[in-house]
Amino acid sequence: MEQGEGKQGPSEEAILAALRTVEDPDLRQDVVSLGMIRDLQVSGGKVAFRFVLTTPACPMRSEFQRRVEEAVRAVPGVESVEVKMDADVRAHSPLSGPRPVEGVRNIIAVASNKGGVGKSTVAVNLAIALAKHGARVGLLDADLTGPNIPTMVGLEQGYQADTGLVPVTCYGVKVVSIGFLLRPGLPVIWRGPLIGSGIRQLLHELPWAADGDLDYLIIDLPPGTSDAPLSMAQEAPIAGVVIVTTPQSVSLEDAAKAVTMFEKLDVPVFGIIENMSYFLCPHCGERTEVFGHGGGREAAQKLGLDFLGEIPLDVQVRASGDEGVPIVEREPDSPVAQVFMLIAERIAARTSVQGFFEETGAG
């Protein structure tokens, strides 16, 4: 009988040895080496520890918990296992480039090469989805000449016109939009230099971390390849960008232009989301591919990118946006809301993997 086992229960070394058999498939190391096991306590046959994920939106959260519990229970002398699942989001920390945004660990941009693809809808629902997973999230409306985030989160245009622009919490997300300053019907007529200056102020002159660092700042970029995305890449270290497109075959060309722009700006592209992918009849469940099918997936394949998911065309998504209660908040158990939750997990996982390789120099 080994010392520390038997009636006295297993040793910490035995528990850690068992946990080393559990590996993170993305980071390709065991969970002990990765520092995911914290506050290990062994008392007789009772074992307790924290399992610290790299993101609260980890798609393998339940699987990790199951695997570590099984590994520890297999150790002779273990009577009970208590695992507290936790998360600590790594910050995107490039060695050079734009200065970081104070209090923001990771910036994720949502982009498209043309309007009308539902990019803002995707950005709003992804931000809320990440917050529902337990992350601290901000949402920045970077479409300075056509802000529509206020409507989507149920806030009146221009309601901060007299008080000044500050982040406001909506559905668990800190939201900023120049639309909060603009009274209804007032246009923004700005040339390129003013766009760049506006982006800089929104990023670096607002109290994003007034009550704690943000894990993720989602930025809703305007469509196209002009001033706003260029300024954003110059003013902040973007961890990655997701491209929103539609199912038509022309989406390949549109996505390729956006991808090329961000590659030239040295901004990683996390993948492609296909919005309005299909219509699912709420009465009979029949699937109809209104705009064709597969353009987004084909674009991702040809461009060597991840296909992050397909979002169905659902009248409730449009209605919830118009009413200021995004679908992930309004009907969190609906099929389309669950798609947003899954895509948010995939984006968070990509961000975590990139952060780990930046920090360790591995990969």
# chains A, B, ... in the order shown; residues from 1 in each chain; ligands from 1
call {"tool": "closest_atom_pairs", "arguments": {"of": "segment 184-240 of chain A", "to": "segment 125-143 of chain A", "cutoff": "10 Å", "atoms": "only C-alpha atoms", "output": "Markdown table"}}
result
| residue | atom | partner | partner_atom | distance |
| --- | --- | --- | --- | --- |
| A:Ile195 | CA | A:Ala142 | CA | 9.4 |
| A:Gly198 | CA | A:Ala142 | CA | 8.9 |
| A:Ile199 | CA | A:Ala142 | CA | 6.9 |
| A:Leu202 | CA | A:Leu140 | CA | 8.0 |
| A:Leu203 | CA | A:Leu140 | CA | 8.5 |
| A:Trp208 | CA | A:Gly138 | CA | 7.6 |
| A:Ala209 | CA | A:Gly138 | CA | 9.6 |
| A:Gly212 | CA | A:Arg136 | CA | 8.4 |
| A:Asp213 | CA | A:Arg136 | CA | 7.4 |
| A:Leu214 | CA | A:Arg136 | CA | 4.9 |
| A:Asp215 | CA | A:Arg136 | CA | 5.1 |
| A:Tyr216 | CA | A:Val137 | CA | 5.0 |
| A:Leu217 | CA | A:Gly138 | CA | 4.5 |
| A:Ile218 | CA | A:Leu139 | CA | 4.8 |
| A:Ile219 | CA | A:Leu140 | CA | 4.8 |
| A:Asp220 | CA | A:Asp141 | CA | 5.1 |
| A:Leu221 | CA | A:Ala142 | CA | 5.1 |
| A:Pro222 | CA | A:Asp143 | CA | 4.6 |
| A:Pro223 | CA | A:Asp143 | CA | 8.3 |
| A:Ala228 | CA | A:Ala142 | CA | 7.0 |
| A:Pro229 | CA | A:Ala142 | CA | 8.5 |
| A:Met232 | CA | A:Ala142 | CA | 8.5 |
call {"tool": "write_last_selection", "arguments": {"atoms": "N, CA and C atoms", "output": "PDB file, in the first residue's frame"}}
result
ATOM      1  N   ILE A 195     -14.112  60.086 -39.210  1.00  0.00           N
ATOM      2  CA  ILE A 195     -14.447  58.693 -38.870  1.00  0.00           C
ATOM      3  C   ILE A 195     -13.342  58.098 -38.004  1.00  0.00           C
ATOM      4  N   GLY A 198     -13.417  59.572 -34.575  1.00  0.00           N
ATOM      5  CA  GLY A 198     -14.540  59.054 -33.807  1.00  0.00           C
ATOM      6  C   GLY A 198     -14.286  57.651 -33.286  1.00  0.00           C
ATOM      7  N   ILE A 199     -13.711  56.789 -34.129  1.00  0.00           N
ATOM      8  CA  ILE A 199     -13.379  55.428 -33.708  1.00  0.00           C
ATOM      9  C   ILE A 199     -12.391  55.463 -32.543  1.00  0.00           C
ATOM     10  N   LEU A 202     -14.163  56.446 -29.291  1.00  0.00           N
ATOM     11  CA  LEU A 202     -15.033  55.387 -28.786  1.00  0.00           C
ATOM     12  C   LEU A 202     -14.239  54.270 -28.120  1.00  0.00           C
ATOM     13  N   LEU A 203     -13.071  53.983 -28.650  1.00  0.00           N
ATOM     14  CA  LEU A 203     -12.253  52.914 -28.089  1.00  0.00           C
ATOM     15  C   LEU A 203     -11.500  53.334 -26.830  1.00  0.00           C
ATOM     16  N   TRP A 208     -14.768  51.713 -20.409  1.00  0.00           N
ATOM     17  CA  TRP A 208     -15.225  50.348 -20.655  1.00  0.00           C
ATOM     18  C   TRP A 208     -15.096  49.468 -19.410  1.00  0.00           C
ATOM     19  N   ALA A 209     -14.065  49.710 -18.609  1.00  0.00           N
ATOM     20  CA  ALA A 209     -13.796  48.844 -17.455  1.00  0.00           C
ATOM     21  C   ALA A 209     -14.162  49.509 -16.137  1.00  0.00           C
ATOM     22  N   GLY A 212     -14.896  46.606 -13.848  1.00  0.00           N
ATOM     23  CA  GLY A 212     -14.193  45.342 -14.113  1.00  0.00           C
ATOM     24  C   GLY A 212     -13.886  45.160 -15.582  1.00  0.00           C
ATOM     25  N   ASP A 213     -12.796  44.448 -15.859  1.00  0.00           N
ATOM     26  CA  ASP A 213     -12.383  44.225 -17.242  1.00  0.00           C
ATOM     27  C   ASP A 213     -13.441  43.471 -18.034  1.00  0.00           C
ATOM     28  N   LEU A 214     -13.534  43.804 -19.313  1.00  0.00           N
ATOM     29  CA  LEU A 214     -14.382  43.045 -20.228  1.00  0.00           C
ATOM     30  C   LEU A 214     -13.594  41.866 -20.776  1.00  0.00           C
ATOM     31  N   ASP A 215     -14.218  40.705 -20.820  1.00  0.00           N
ATOM     32  CA  ASP A 215     -13.594  39.548 -21.472  1.00  0.00           C
ATOM     33  C   ASP A 215     -13.598  39.733 -22.985  1.00  0.00           C
ATOM     34  N   TYR A 216     -14.707  40.261 -23.509  1.00  0.00           N
ATOM     35  CA  TYR A 216     -14.857  40.431 -24.954  1.00  0.00           C
ATOM     36  C   TYR A 216     -15.546  41.759 -25.257  1.00  0.00           C
ATOM     37  N   LEU A 217     -15.014  42.470 -26.228  1.00  0.00           N
ATOM     38  CA  LEU A 217     -15.691  43.632 -26.793  1.00  0.00           C
ATOM     39  C   LEU A 217     -16.045  43.287 -28.230  1.00  0.00           C
ATOM     40  N   ILE A 218     -17.333  43.164 -28.505  1.00  0.00           N
ATOM     41  CA  ILE A 218     -17.811  42.872 -29.854  1.00  0.00           C
ATOM     42  C   ILE A 218     -17.998  44.203 -30.584  1.00  0.00           C
ATOM     43  N   ILE A 219     -17.401  44.311 -31.760  1.00  0.00           N
ATOM     44  CA  ILE A 219     -17.507  45.542 -32.535  1.00  0.00           C
ATOM     45  C   ILE A 219     -18.295  45.276 -33.806  1.00  0.00           C
ATOM     46  N   ASP A 220     -19.394  45.994 -33.944  1.00  0.00           N
ATOM     47  CA  ASP A 220     -20.226  45.910 -35.145  1.00  0.00           C
ATOM     48  C   ASP A 220     -19.691  46.913 -36.162  1.00  0.00           C
ATOM     49  N   LEU A 221     -18.945  46.425 -37.155  1.00  0.00           N
ATOM     50  CA  LEU A 221     -18.359  47.296 -38.169  1.00  0.00           C
ATOM     51  C   LEU A 221     -19.378  47.616 -39.262  1.00  0.00           C
ATOM     52  N   PRO A 222     -19.254  48.770 -39.885  1.00  0.00           N
ATOM     53  CA  PRO A 222     -20.096  49.045 -41.050  1.00  0.00           C
ATOM     54  C   PRO A 222     -19.674  48.169 -42.215  1.00  0.00           C
ATOM     55  N   PRO A 223     -20.550  47.949 -43.190  1.00  0.00           N
ATOM     56  CA  PRO A 223     -20.175  47.104 -44.329  1.00  0.00           C
ATOM     57  C   PRO A 223     -19.112  47.771 -45.197  1.00  0.00           C
ATOM     58  N   ALA A 228     -13.947  53.028 -41.603  1.00  0.00           N
ATOM     59  CA  ALA A 228     -14.170  52.511 -40.252  1.00  0.00           C
ATOM     60  C   ALA A 228     -13.360  51.248 -39.958  1.00  0.00           C
ATOM     61  N   PRO A 229     -13.425  50.188 -40.801  1.00  0.00           N
ATOM     62  CA  PRO A 229     -12.610  49.010 -40.500  1.00  0.00           C
ATOM     63  C   PRO A 229     -11.113  49.294 -40.551  1.00  0.00           C
ATOM     64  N   MET A 232     -10.314  51.041 -37.303  1.00  0.00           N
ATOM     65  CA  MET A 232     -10.409  50.111 -36.186  1.00  0.00           C
ATOM     66  C   MET A 232      -9.145  49.264 -36.072  1.00  0.00           C
TER      67      MET A 232
END
call {"tool": "residues_around", "arguments": {"residues": "segment 20-24 of chain A", "least_positions_apart": "3", "cutoff": "8 Å", "atoms": "only C-alpha atoms", "output": "count of residues only"}}
result
12
call {"tool": "closest_residue", "arguments": {"among": "A:Gly295, A:Ala87, A:Gly9, A:Pro59", "to": "Met36 of chain A", "atoms": "only C-alpha atoms"}}
result
A:Ala87
call {"tool": "residues_around", "arguments": {"residues": "segment 158-166 of chain A", "least_positions_apart": "2", "cutoff": "12 Å", "atoms": "only C-alpha atoms", "output": "PyMOL selection string"}}
result
chain A and resi 138+140+147-148+150-151+154-156+168-169+174-187+201-203+205-210
call {"tool": "write_last_selection", "arguments": {"atoms": "C-alpha atoms", "output": "compact mmCIF listing (two decimals), in the first residue's frame"}}
result
# COMPACT_ATOMS: atom_id res chain seq x y z
CA GLY A 138 -19.21 44.98 -24.37
CA LEU A 140 -19.53 48.86 -29.77
CA PRO A 147 -26.00 53.37 -36.24
CA ASN A 148 -28.88 51.00 -35.59
CA PRO A 150 -29.91 51.56 -30.23
CA THR A 151 -33.10 50.29 -31.87
CA GLY A 154 -34.51 49.00 -27.14
CA LEU A 155 -32.93 52.39 -26.38
CA GLU A 156 -34.13 55.69 -27.79
CA VAL A 168 -25.00 51.52 -20.84
CA THR A 169 -25.85 47.98 -19.76
CA LYS A 174 -22.19 47.17 -22.01
CA VAL A 175 -23.36 48.95 -25.15
CA VAL A 176 -22.02 52.09 -26.84
CA SER A 177 -23.36 53.71 -30.01
CA ILE A 178 -23.02 57.18 -31.41
CA GLY A 179 -26.75 56.80 -31.99
CA PHE A 180 -27.18 57.45 -28.28
CA LEU A 181 -26.01 61.02 -28.97
CA LEU A 182 -27.94 61.64 -32.19
CA ARG A 183 -31.51 62.80 -31.96
CA PRO A 184 -33.90 61.03 -34.38
CA GLY A 185 -33.44 62.13 -37.99
CA LEU A 186 -30.06 63.81 -37.41
CA PRO A 187 -27.50 62.44 -39.93
CA GLN A 201 -12.53 58.22 -29.05
CA LEU A 202 -15.03 55.39 -28.79
CA LEU A 203 -12.25 52.91 -28.09
CA GLU A 205 -11.88 57.61 -24.17
CA LEU A 206 -14.79 55.69 -22.71
CA PRO A 207 -14.85 53.88 -19.32
CA TRP A 208 -15.22 50.35 -20.66
CA ALA A 209 -13.80 48.84 -17.46
CA ALA A 210 -15.58 51.06 -14.92
call {"tool": "select_by_dssp", "arguments": {"residues": "segment 35-188 of chain A", "states": "strand (DSSP E)", "output": "PDB file with N, CA and C atoms, in the first residue's frame"}}
result
ATOM      1  N   ILE A  37      -6.242  23.234 -13.167  1.00  0.00           N
ATOM      2  CA  ILE A  37      -6.608  22.675 -11.871  1.00  0.00           C
ATOM      3  C   ILE A  37      -6.128  23.631 -10.786  1.00  0.00           C
ATOM      4  N   ARG A  38      -7.042  24.167 -10.014  1.00  0.00           N
ATOM      5  CA  ARG A  38      -6.709  25.138  -8.969  1.00  0.00           C
ATOM      6  C   ARG A  38      -7.333  24.698  -7.634  1.00  0.00           C
ATOM      7  N   ASP A  39      -6.685  25.117  -6.559  1.00  0.00           N
ATOM      8  CA  ASP A  39      -7.214  24.937  -5.192  1.00  0.00           C
ATOM      9  C   ASP A  39      -7.563  23.476  -4.897  1.00  0.00           C
ATOM     10  N   LEU A  40      -6.671  22.583  -5.269  1.00  0.00           N
ATOM     11  CA  LEU A  40      -6.912  21.158  -5.018  1.00  0.00           C
ATOM     12  C   LEU A  40      -6.867  20.867  -3.519  1.00  0.00           C
ATOM     13  N   GLN A  41      -7.902  20.182  -3.035  1.00  0.00           N
ATOM     14  CA  GLN A  41      -7.972  19.776  -1.627  1.00  0.00           C
ATOM     15  C   GLN A  41      -8.322  18.293  -1.562  1.00  0.00           C
ATOM     16  N   VAL A  42      -7.520  17.558  -0.795  1.00  0.00           N
ATOM     17  CA  VAL A  42      -7.769  16.131  -0.593  1.00  0.00           C
ATOM     18  C   VAL A  42      -7.876  15.893   0.902  1.00  0.00           C
ATOM     19  N   SER A  43      -9.049  15.440   1.331  1.00  0.00           N
ATOM     20  CA  SER A  43      -9.283  15.171   2.743  1.00  0.00           C
ATOM     21  C   SER A  43      -9.879  13.781   2.878  1.00  0.00           C
ATOM     22  N   LYS A  46     -12.251  12.448   0.190  1.00  0.00           N
ATOM     23  CA  LYS A  46     -12.961  13.541  -0.454  1.00  0.00           C
ATOM     24  C   LYS A  46     -11.991  14.420  -1.232  1.00  0.00           C
ATOM     25  N   VAL A  47     -12.314  14.671  -2.489  1.00  0.00           N
ATOM     26  CA  VAL A  47     -11.461  15.477  -3.365  1.00  0.00           C
ATOM     27  C   VAL A  47     -12.280  16.648  -3.899  1.00  0.00           C
ATOM     28  N   ALA A  48     -11.681  17.851  -3.832  1.00  0.00           N
ATOM     29  CA  ALA A  48     -12.350  19.042  -4.351  1.00  0.00           C
ATOM     30  C   ALA A  48     -11.327  19.937  -5.036  1.00  0.00           C
ATOM     31  N   PHE A  49     -11.725  20.565  -6.129  1.00  0.00           N
ATOM     32  CA  PHE A  49     -10.852  21.507  -6.820  1.00  0.00           C
ATOM     33  C   PHE A  49     -11.663  22.374  -7.768  1.00  0.00           C
ATOM     34  N   ARG A  50     -11.033  23.465  -8.196  1.00  0.00           N
ATOM     35  CA  ARG A  50     -11.619  24.307  -9.239  1.00  0.00           C
ATOM     36  C   ARG A  50     -11.029  23.903 -10.579  1.00  0.00           C
ATOM     37  N   PHE A  51     -11.872  23.841 -11.588  1.00  0.00           N
ATOM     38  CA  PHE A  51     -11.415  23.603 -12.955  1.00  0.00           C
ATOM     39  C   PHE A  51     -11.616  24.909 -13.710  1.00  0.00           C
ATOM     40  N   VAL A  52     -10.510  25.573 -14.067  1.00  0.00           N
ATOM     41  CA  VAL A  52     -10.569  26.919 -14.632  1.00  0.00           C
ATOM     42  C   VAL A  52     -10.418  26.853 -16.146  1.00  0.00           C
ATOM     43  N   LEU A  53     -11.514  27.116 -16.836  1.00  0.00           N
ATOM     44  CA  LEU A  53     -11.525  27.133 -18.296  1.00  0.00           C
ATOM     45  C   LEU A  53     -10.920  28.431 -18.820  1.00  0.00           C
ATOM     46  N   SER A  80     -15.534  10.762  -2.984  1.00  0.00           N
ATOM     47  CA  SER A  80     -16.383  11.794  -3.596  1.00  0.00           C
ATOM     48  C   SER A  80     -15.502  12.817  -4.312  1.00  0.00           C
ATOM     49  N   VAL A  81     -16.083  13.437  -5.342  1.00  0.00           N
ATOM     50  CA  VAL A  81     -15.366  14.450  -6.128  1.00  0.00           C
ATOM     51  C   VAL A  81     -16.263  15.671  -6.269  1.00  0.00           C
ATOM     52  N   GLU A  82     -15.726  16.819  -5.890  1.00  0.00           N
ATOM     53  CA  GLU A  82     -16.450  18.077  -6.059  1.00  0.00           C
ATOM     54  C   GLU A  82     -15.644  18.983  -6.987  1.00  0.00           C
ATOM     55  N   VAL A  83     -16.217  19.289  -8.138  1.00  0.00           N
ATOM     56  CA  VAL A  83     -15.538  20.125  -9.137  1.00  0.00           C
ATOM     57  C   VAL A  83     -16.326  21.417  -9.308  1.00  0.00           C
ATOM     58  N   LYS A  84     -15.659  22.532  -9.060  1.00  0.00           N
ATOM     59  CA  LYS A  84     -16.268  23.829  -9.318  1.00  0.00           C
ATOM     60  C   LYS A  84     -15.735  24.348 -10.641  1.00  0.00           C
ATOM     61  N   MET A  85     -16.626  24.498 -11.623  1.00  0.00           N
ATOM     62  CA  MET A  85     -16.215  24.988 -12.934  1.00  0.00           C
ATOM     63  C   MET A  85     -16.122  26.507 -12.911  1.00  0.00           C
ATOM     64  N   ASP A  86     -14.980  27.015 -13.379  1.00  0.00           N
ATOM     65  CA  ASP A  86     -14.705  28.443 -13.360  1.00  0.00           C
ATOM     66  C   ASP A  86     -14.060  28.827 -14.690  1.00  0.00           C
ATOM     67  N   ALA A  87     -13.755  30.102 -14.868  1.00  0.00           N
ATOM     68  CA  ALA A  87     -13.128  30.538 -16.119  1.00  0.00           C
ATOM     69  C   ALA A  87     -12.258  31.765 -15.877  1.00  0.00           C
ATOM     70  N   ILE A 107     -10.859  41.878 -28.376  1.00  0.00           N
ATOM     71  CA  ILE A 107     -11.760  42.579 -29.283  1.00  0.00           C
ATOM     72  C   ILE A 107     -12.082  41.653 -30.455  1.00  0.00           C
ATOM     73  N   ILE A 108     -13.353  41.468 -30.697  1.00  0.00           N
ATOM     74  CA  ILE A 108     -13.811  40.622 -31.796  1.00  0.00           C
ATOM     75  C   ILE A 108     -14.693  41.467 -32.708  1.00  0.00           C
ATOM     76  N   ALA A 109     -14.295  41.608 -33.954  1.00  0.00           N
ATOM     77  CA  ALA A 109     -15.048  42.422 -34.899  1.00  0.00           C
ATOM     78  C   ALA A 109     -15.993  41.555 -35.723  1.00  0.00           C
ATOM     79  N   VAL A 110     -17.165  42.094 -35.995  1.00  0.00           N
ATOM     80  CA  VAL A 110     -18.151  41.436 -36.859  1.00  0.00           C
ATOM     81  C   VAL A 110     -18.262  42.283 -38.123  1.00  0.00           C
ATOM     82  N   ALA A 111     -17.979  41.678 -39.276  1.00  0.00           N
ATOM     83  CA  ALA A 111     -17.856  42.453 -40.514  1.00  0.00           C
ATOM     84  C   ALA A 111     -18.594  41.780 -41.661  1.00  0.00           C
ATOM     85  N   VAL A 137     -19.045  41.294 -21.206  1.00  0.00           N
ATOM     86  CA  VAL A 137     -19.083  41.615 -22.635  1.00  0.00           C
ATOM     87  C   VAL A 137     -19.465  43.069 -22.871  1.00  0.00           C
ATOM     88  N   GLY A 138     -18.816  43.672 -23.882  1.00  0.00           N
ATOM     89  CA  GLY A 138     -19.209  44.983 -24.373  1.00  0.00           C
ATOM     90  C   GLY A 138     -19.589  44.888 -25.837  1.00  0.00           C
ATOM     91  N   LEU A 139     -20.377  45.853 -26.305  1.00  0.00           N
ATOM     92  CA  LEU A 139     -20.786  45.915 -27.707  1.00  0.00           C
ATOM     93  C   LEU A 139     -20.614  47.340 -28.192  1.00  0.00           C
ATOM     94  N   LEU A 140     -19.784  47.534 -29.213  1.00  0.00           N
ATOM     95  CA  LEU A 140     -19.533  48.859 -29.771  1.00  0.00           C
ATOM     96  C   LEU A 140     -20.098  48.941 -31.179  1.00  0.00           C
ATOM     97  N   ASP A 141     -20.983  49.893 -31.391  1.00  0.00           N
ATOM     98  CA  ASP A 141     -21.546  50.169 -32.707  1.00  0.00           C
ATOM     99  C   ASP A 141     -20.581  51.098 -33.435  1.00  0.00           C
ATOM    100  N   VAL A 168     -23.782  51.811 -21.571  1.00  0.00           N
ATOM    101  CA  VAL A 168     -25.004  51.519 -20.835  1.00  0.00           C
ATOM    102  C   VAL A 168     -25.246  50.015 -20.909  1.00  0.00           C
ATOM    103  N   THR A 169     -25.663  49.427 -19.811  1.00  0.00           N
ATOM    104  CA  THR A 169     -25.847  47.978 -19.756  1.00  0.00           C
ATOM    105  C   THR A 169     -27.235  47.592 -20.245  1.00  0.00           C
ATOM    106  N   CYS A 170     -27.260  46.748 -21.284  1.00  0.00           N
ATOM    107  CA  CYS A 170     -28.502  46.215 -21.833  1.00  0.00           C
ATOM    108  C   CYS A 170     -28.376  44.700 -21.935  1.00  0.00           C
ATOM    109  N   VAL A 173     -24.980  43.322 -21.276  1.00  0.00           N
ATOM    110  CA  VAL A 173     -23.888  43.748 -22.163  1.00  0.00           C
ATOM    111  C   VAL A 173     -23.722  45.259 -22.069  1.00  0.00           C
ATOM    112  N   LYS A 174     -22.468  45.724 -21.985  1.00  0.00           N
ATOM    113  CA  LYS A 174     -22.192  47.167 -22.012  1.00  0.00           C
ATOM    114  C   LYS A 174     -22.223  47.642 -23.461  1.00  0.00           C
ATOM    115  N   VAL A 175     -23.134  48.538 -23.767  1.00  0.00           N
ATOM    116  CA  VAL A 175     -23.362  48.950 -25.152  1.00  0.00           C
ATOM    117  C   VAL A 175     -23.001  50.425 -25.332  1.00  0.00           C
ATOM    118  N   VAL A 176     -22.335  50.712 -26.453  1.00  0.00           N
ATOM    119  CA  VAL A 176     -22.023  52.086 -26.839  1.00  0.00           C
ATOM    120  C   VAL A 176     -22.373  52.258 -28.311  1.00  0.00           C
ATOM    121  N   SER A 177     -23.059  53.364 -28.618  1.00  0.00           N
ATOM    122  CA  SER A 177     -23.361  53.713 -30.008  1.00  0.00           C
ATOM    123  C   SER A 177     -23.443  55.224 -30.120  1.00  0.00           C
TER     124      SER A 177
END
call {"tool": "atom_distance", "arguments": {"atom1": "atom CA of Pro335 of chain A", "atom2": "atom CA of Glu310 of chain A"}}
result
11.6 Å
call {"tool": "closest_residue", "arguments": {"among": "A:Ser197, A:Gln301, A:Thr121, A:Gln157", "to": "Ala337 of chain A", "atoms": "only C-alpha atoms"}}
result
A:Thr121
call {"tool": "atom_distance", "arguments": {"atom1": "atom CA of Asp306 of chain A", "atom2": "atom CA of Gly271 of chain A"}}
result
4.5 Å
